[in-house]
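Visitor: Please read through the structure below; I'll follow up with questions.
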Amino acid sequence: GALSVLDFQVEMCSLESKTFSEGLERRLLLAVPKKGRLMEPSLLLLEKCGIKYRKKARLDIAFSSNMAVAIVFLPVQDIALYVSQGRVNMGITGQDAILESNSEVNELIQLGFGKCRLCVQVRCHRCSSCDSHRNFLLATGPN
């Protein structure tokens, strides 16, 4: 079958160093967003947990230097799928990404970051005499 980007990177690193693949087997694989609004708070959380690592450019895997953890940087929409398939042990992603992926995963904790506020504007069709200040209705969601 076709290799994913992560499989390819692991395979390339394994060719460079046999200790890479051996070290990967002994570590917790933690997926975090590689970009987007969840990336920065996720990395800050790792820092607050005391997980130290150095990410090499163009490599989506980083080993912690002080814990048995490998950080896998993935698109946020892929994290739940990788967890459900057992390709990573756990991940940080949005609840919307979990729902959209239709993946079966256990949500361990709500981290409380990445919340958004939804605002939708629609044209008012209730009356024909709305003035310019009241011809749009605004709906907001709790998150």
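Labeling convention for the structure tokens: chains A, B, ... as they appear, residues from 1 per chain, ligands from 1 in order of appearance.
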Near Glu100 (chain A), within 12 Å and counting only C-alpha atoms, which residues show up once chain neighbours fewer than 6 positions away are dropped, as a short mmCIF file (atom, residue, chain, number, x, y, z; two decimals) with N, CA and C atoms, in the first residue's frame?
Guide:
data_model
loop_
_atom_site.label_atom_id
_atom_site.label_comp_id
_atom_site.auth_asym_id
_atom_site.auth_seq_id
_atom_site.Cartn_x
_atom_site.Cartn_y
_atom_site.Cartn_z
N VAL A 76 -4.00 18.94 12.00
CA VAL A 76 -4.99 18.77 13.08
C VAL A 76 -6.10 17.81 12.67
N GLN A 77 -6.50 17.82 11.41
CA GLN A 77 -7.60 16.97 10.96
C GLN A 77 -7.20 15.50 10.86
N ASP A 78 -5.90 15.18 10.92
CA ASP A 78 -5.44 13.79 10.83
C ASP A 78 -5.19 13.14 12.19
N ILE A 79 -5.11 13.93 13.24
CA ILE A 79 -4.69 13.40 14.54
C ILE A 79 -5.64 12.34 15.07
N ALA A 80 -6.94 12.60 15.06
CA ALA A 80 -7.90 11.61 15.58
C ALA A 80 -7.83 10.30 14.80
N LEU A 81 -7.66 10.38 13.50
CA LEU A 81 -7.55 9.18 12.68
C LEU A 81 -6.30 8.37 13.05
N THR A 93 -5.98 17.56 19.72
CA THR A 93 -6.69 18.05 18.54
C THR A 93 -8.01 18.67 18.98
N GLY A 94 -8.71 19.26 18.06
CA GLY A 94 -9.99 19.89 18.36
C GLY A 94 -11.13 18.89 18.35
#
Visitor: Could you tell me how far CA of Arg58 (chain A) sits from CA of Gln85 (chain A), in Å to one decimal place?
Guide: 24.1 Å
Visitor: Residues near Pro33 (chain A), anyone? I mean within 7 Å using only C-alpha atoms, not counting same-chain ones fewer than 5 positions away, as an mmCIF file with all heavy atoms, in the first residue's frame.
Guide:
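Result file is result-v3.cif:
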data_model
loop_
_atom_site.group_PDB
_atom_site.id
_atom_site.type_symbol
_atom_site.label_atom_id
_atom_site.label_comp_id
_atom_site.auth_asym_id
_atom_site.auth_seq_id
_atom_site.Cartn_x
_atom_site.Cartn_y
_atom_site.Cartn_z
ATOM 1 N N LEU A 38 -4.260 25.714 17.046
ATOM 2 C CA LEU A 38 -4.034 24.812 18.166
ATOM 3 C C LEU A 38 -2.548 24.500 18.395
ATOM 4 O O LEU A 38 -2.189 23.948 19.434
ATOM 5 C CB LEU A 38 -4.792 23.502 17.967
ATOM 6 C CG LEU A 38 -6.316 23.585 17.956
ATOM 7 C CD1 LEU A 38 -6.910 22.204 17.725
ATOM 8 C CD2 LEU A 38 -6.833 24.188 19.244
ATOM 9 N N MET A 39 -1.705 24.841 17.436
ATOM 10 C CA MET A 39 -0.294 24.485 17.552
ATOM 11 C C MET A 39 0.382 25.164 18.747
ATOM 12 O O MET A 39 0.971 24.498 19.600
ATOM 13 C CB MET A 39 0.474 24.821 16.275
ATOM 14 C CG MET A 39 1.927 24.349 16.336
ATOM 15 S SD MET A 39 2.872 24.794 14.872
ATOM 16 C CE MET A 39 3.370 26.434 15.318
ATOM 17 N N PHE A 73 4.279 15.678 14.656
ATOM 18 C CA PHE A 73 3.584 16.871 14.188
ATOM 19 C C PHE A 73 2.737 16.497 12.969
ATOM 20 O O PHE A 73 3.268 16.075 11.947
ATOM 21 C CB PHE A 73 4.595 17.971 13.836
ATOM 22 C CG PHE A 73 5.381 18.432 15.026
ATOM 23 C CD1 PHE A 73 6.533 17.772 15.428
ATOM 24 C CD2 PHE A 73 4.960 19.524 15.777
ATOM 25 C CE1 PHE A 73 7.248 18.195 16.536
ATOM 26 C CE2 PHE A 73 5.667 19.952 16.889
ATOM 27 C CZ PHE A 73 6.814 19.285 17.271
ATOM 28 N N LEU A 74 1.413 16.634 13.119
ATOM 29 C CA LEU A 74 0.473 16.230 12.077
ATOM 30 C C LEU A 74 -0.533 17.339 11.812
ATOM 31 O O LEU A 74 -0.783 18.175 12.687
ATOM 32 C CB LEU A 74 -0.313 14.991 12.534
ATOM 33 C CG LEU A 74 0.435 13.684 12.698
ATOM 34 C CD1 LEU A 74 -0.458 12.648 13.359
ATOM 35 C CD2 LEU A 74 0.929 13.180 11.353
ATOM 36 N N PRO A 75 -1.164 17.322 10.640
ATOM 37 C CA PRO A 75 -2.297 18.234 10.426
ATOM 38 C C PRO A 75 -3.383 17.914 11.451
ATOM 39 O O PRO A 75 -3.646 16.746 11.748
ATOM 40 C CB PRO A 75 -2.765 17.904 9.005
ATOM 41 C CG PRO A 75 -1.575 17.282 8.343
ATOM 42 C CD PRO A 75 -0.848 16.547 9.437
ATOM 43 N N VAL A 76 -3.999 18.942 12.005
ATOM 44 C CA VAL A 76 -4.986 18.767 13.077
ATOM 45 C C VAL A 76 -6.105 17.814 12.671
ATOM 46 O O VAL A 76 -6.592 17.030 13.488
ATOM 47 C CB VAL A 76 -5.510 20.141 13.558
ATOM 48 C CG1 VAL A 76 -6.495 20.748 12.576
ATOM 49 C CG2 VAL A 76 -6.123 20.045 14.928
ATOM 50 N N THR A 93 -5.983 17.558 19.718
ATOM 51 C CA THR A 93 -6.694 18.050 18.541
ATOM 52 C C THR A 93 -8.009 18.670 18.979
ATOM 53 O O THR A 93 -8.378 18.602 20.150
ATOM 54 C CB THR A 93 -6.926 16.917 17.516
ATOM 55 O OG1 THR A 93 -7.345 17.480 16.286
ATOM 56 C CG2 THR A 93 -7.934 15.905 17.997
#
Visitor: How would you write, as a list of chain:residue names, the set of residues in region 22-83 of chain A that DSSP gives as helix (DSSP H, G or I)?
Guide: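 The helix (DSSP H, G or I) subset of region 22-83 of chain A is A:Glu22, A:Gly23, A:Leu24, A:Glu25, A:Met39, A:Glu40, A:Pro41, A:Ser42, A:Leu43, A:Leu44, A:Leu45, A:Leu46, A:Glu47, A:Lys48, A:Val76, A:Gln77, A:Asp78, A:Ile79, A:Ala80, A:Leu81, A:Tyr82, A:Val83.
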Visitor: Could you write out the selected residues, including N, CA and C atoms, as a PDB file, in the first residue's frame?
Guide:
ATOM      1  N   GLU A  22      14.377   1.960  16.658  1.00  0.00           N
ATOM      2  CA  GLU A  22      14.402   1.273  17.943  1.00  0.00           C
ATOM      3  C   GLU A  22      13.921   2.207  19.051  1.00  0.00           C
ATOM      4  N   GLY A  23      14.356   3.463  19.011  1.00  0.00           N
ATOM      5  CA  GLY A  23      13.942   4.438  20.012  1.00  0.00           C
ATOM      6  C   GLY A  23      12.473   4.779  19.901  1.00  0.00           C
ATOM      7  N   LEU A  24      11.931   4.721  18.706  1.00  0.00           N
ATOM      8  CA  LEU A  24      10.524   5.033  18.478  1.00  0.00           C
ATOM      9  C   LEU A  24       9.625   4.003  19.151  1.00  0.00           C
ATOM     10  N   GLU A  25      10.027   2.757  19.139  1.00  0.00           N
ATOM     11  CA  GLU A  25       9.238   1.687  19.742  1.00  0.00           C
ATOM     12  C   GLU A  25       9.156   1.810  21.257  1.00  0.00           C
ATOM     13  N   MET A  39      -1.705  24.841  17.436  1.00  0.00           N
ATOM     14  CA  MET A  39      -0.294  24.485  17.552  1.00  0.00           C
ATOM     15  C   MET A  39       0.382  25.164  18.747  1.00  0.00           C
ATOM     16  N   GLU A  40       0.303  26.482  18.815  1.00  0.00           N
ATOM     17  CA  GLU A  40       1.012  27.215  19.864  1.00  0.00           C
ATOM     18  C   GLU A  40       0.569  26.810  21.273  1.00  0.00           C
ATOM     19  N   PRO A  41      -0.753  26.748  21.554  1.00  0.00           N
ATOM     20  CA  PRO A  41      -1.128  26.316  22.905  1.00  0.00           C
ATOM     21  C   PRO A  41      -0.732  24.870  23.197  1.00  0.00           C
ATOM     22  N   SER A  42      -0.701  24.015  22.185  1.00  0.00           N
ATOM     23  CA  SER A  42      -0.278  22.623  22.383  1.00  0.00           C
ATOM     24  C   SER A  42       1.190  22.558  22.758  1.00  0.00           C
ATOM     25  N   LEU A  43       2.012  23.322  22.061  1.00  0.00           N
ATOM     26  CA  LEU A  43       3.445  23.327  22.360  1.00  0.00           C
ATOM     27  C   LEU A  43       3.723  23.959  23.717  1.00  0.00           C
ATOM     28  N   LEU A  44       2.954  24.963  24.074  1.00  0.00           N
ATOM     29  CA  LEU A  44       3.077  25.578  25.393  1.00  0.00           C
ATOM     30  C   LEU A  44       2.717  24.568  26.480  1.00  0.00           C
ATOM     31  N   LEU A  45       1.695  23.754  26.235  1.00  0.00           N
ATOM     32  CA  LEU A  45       1.320  22.715  27.189  1.00  0.00           C
ATOM     33  C   LEU A  45       2.454  21.709  27.367  1.00  0.00           C
ATOM     34  N   LEU A  46       3.092  21.303  26.275  1.00  0.00           N
ATOM     35  CA  LEU A  46       4.234  20.384  26.374  1.00  0.00           C
ATOM     36  C   LEU A  46       5.341  20.995  27.220  1.00  0.00           C
ATOM     37  N   GLU A  47       5.594  22.268  27.003  1.00  0.00           N
ATOM     38  CA  GLU A  47       6.621  22.976  27.770  1.00  0.00           C
ATOM     39  C   GLU A  47       6.265  23.005  29.257  1.00  0.00           C
ATOM     40  N   LYS A  48       5.000  23.313  29.569  1.00  0.00           N
ATOM     41  CA  LYS A  48       4.555  23.348  30.964  1.00  0.00           C
ATOM     42  C   LYS A  48       4.636  21.970  31.620  1.00  0.00           C
ATOM     43  N   VAL A  76      -3.999  18.942  12.005  1.00  0.00           N
ATOM     44  CA  VAL A  76      -4.986  18.767  13.077  1.00  0.00           C
ATOM     45  C   VAL A  76      -6.105  17.814  12.671  1.00  0.00           C
ATOM     46  N   GLN A  77      -6.503  17.820  11.409  1.00  0.00           N
ATOM     47  CA  GLN A  77      -7.601  16.967  10.957  1.00  0.00           C
ATOM     48  C   GLN A  77      -7.196  15.497  10.855  1.00  0.00           C
ATOM     49  N   ASP A  78      -5.903  15.178  10.923  1.00  0.00           N
ATOM     50  CA  ASP A  78      -5.442  13.788  10.833  1.00  0.00           C
ATOM     51  C   ASP A  78      -5.189  13.141  12.189  1.00  0.00           C
ATOM     52  N   ILE A  79      -5.112  13.928  13.240  1.00  0.00           N
ATOM     53  CA  ILE A  79      -4.688  13.405  14.543  1.00  0.00           C
ATOM     54  C   ILE A  79      -5.645  12.342  15.075  1.00  0.00           C
ATOM     55  N   ALA A  80      -6.944  12.596  15.064  1.00  0.00           N
ATOM     56  CA  ALA A  80      -7.905  11.612  15.585  1.00  0.00           C
ATOM     57  C   ALA A  80      -7.827  10.302  14.803  1.00  0.00           C
ATOM     58  N   LEU A  81      -7.660  10.382  13.505  1.00  0.00           N
ATOM     59  CA  LEU A  81      -7.547   9.179  12.675  1.00  0.00           C
ATOM     60  C   LEU A  81      -6.302   8.375  13.050  1.00  0.00           C
ATOM     61  N   TYR A  82      -5.170   9.046  13.218  1.00  0.00           N
ATOM     62  CA  TYR A  82      -3.930   8.363  13.590  1.00  0.00           C
ATOM     63  C   TYR A  82      -4.062   7.699  14.955  1.00  0.00           C
ATOM     64  N   VAL A  83      -4.748   8.370  15.900  1.00  0.00           N
ATOM     65  CA  VAL A  83      -4.965   7.775  17.222  1.00  0.00           C
ATOM     66  C   VAL A  83      -5.869   6.550  17.097  1.00  0.00           C
TER      67      VAL A  83
END
Visitor: Quick one, how far is CA of Lys56 (chain A) from CA of Val32 (chain A)?
Guide: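 Calculated distance between CA of Lys56 (chain A) and CA of Val32 (chain A) is 15.2 Å.
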Visitor: Within 10 Å of region 64-69 of chain A, counting only C-alpha atoms, which residues show up once you throw out same-chain ones fewer than 6 positions away? Write them as a ChimeraX atom specification, please.
Guide: /A:23-30,50-55
Visitor: To one decimal place in Å, what is the distance between CA of Asn89 (chain A) and CA of Ala31 (chain A)?
Guide: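 CA of Asn89 (chain A) sits 7.9 Å away from CA of Ala31 (chain A).
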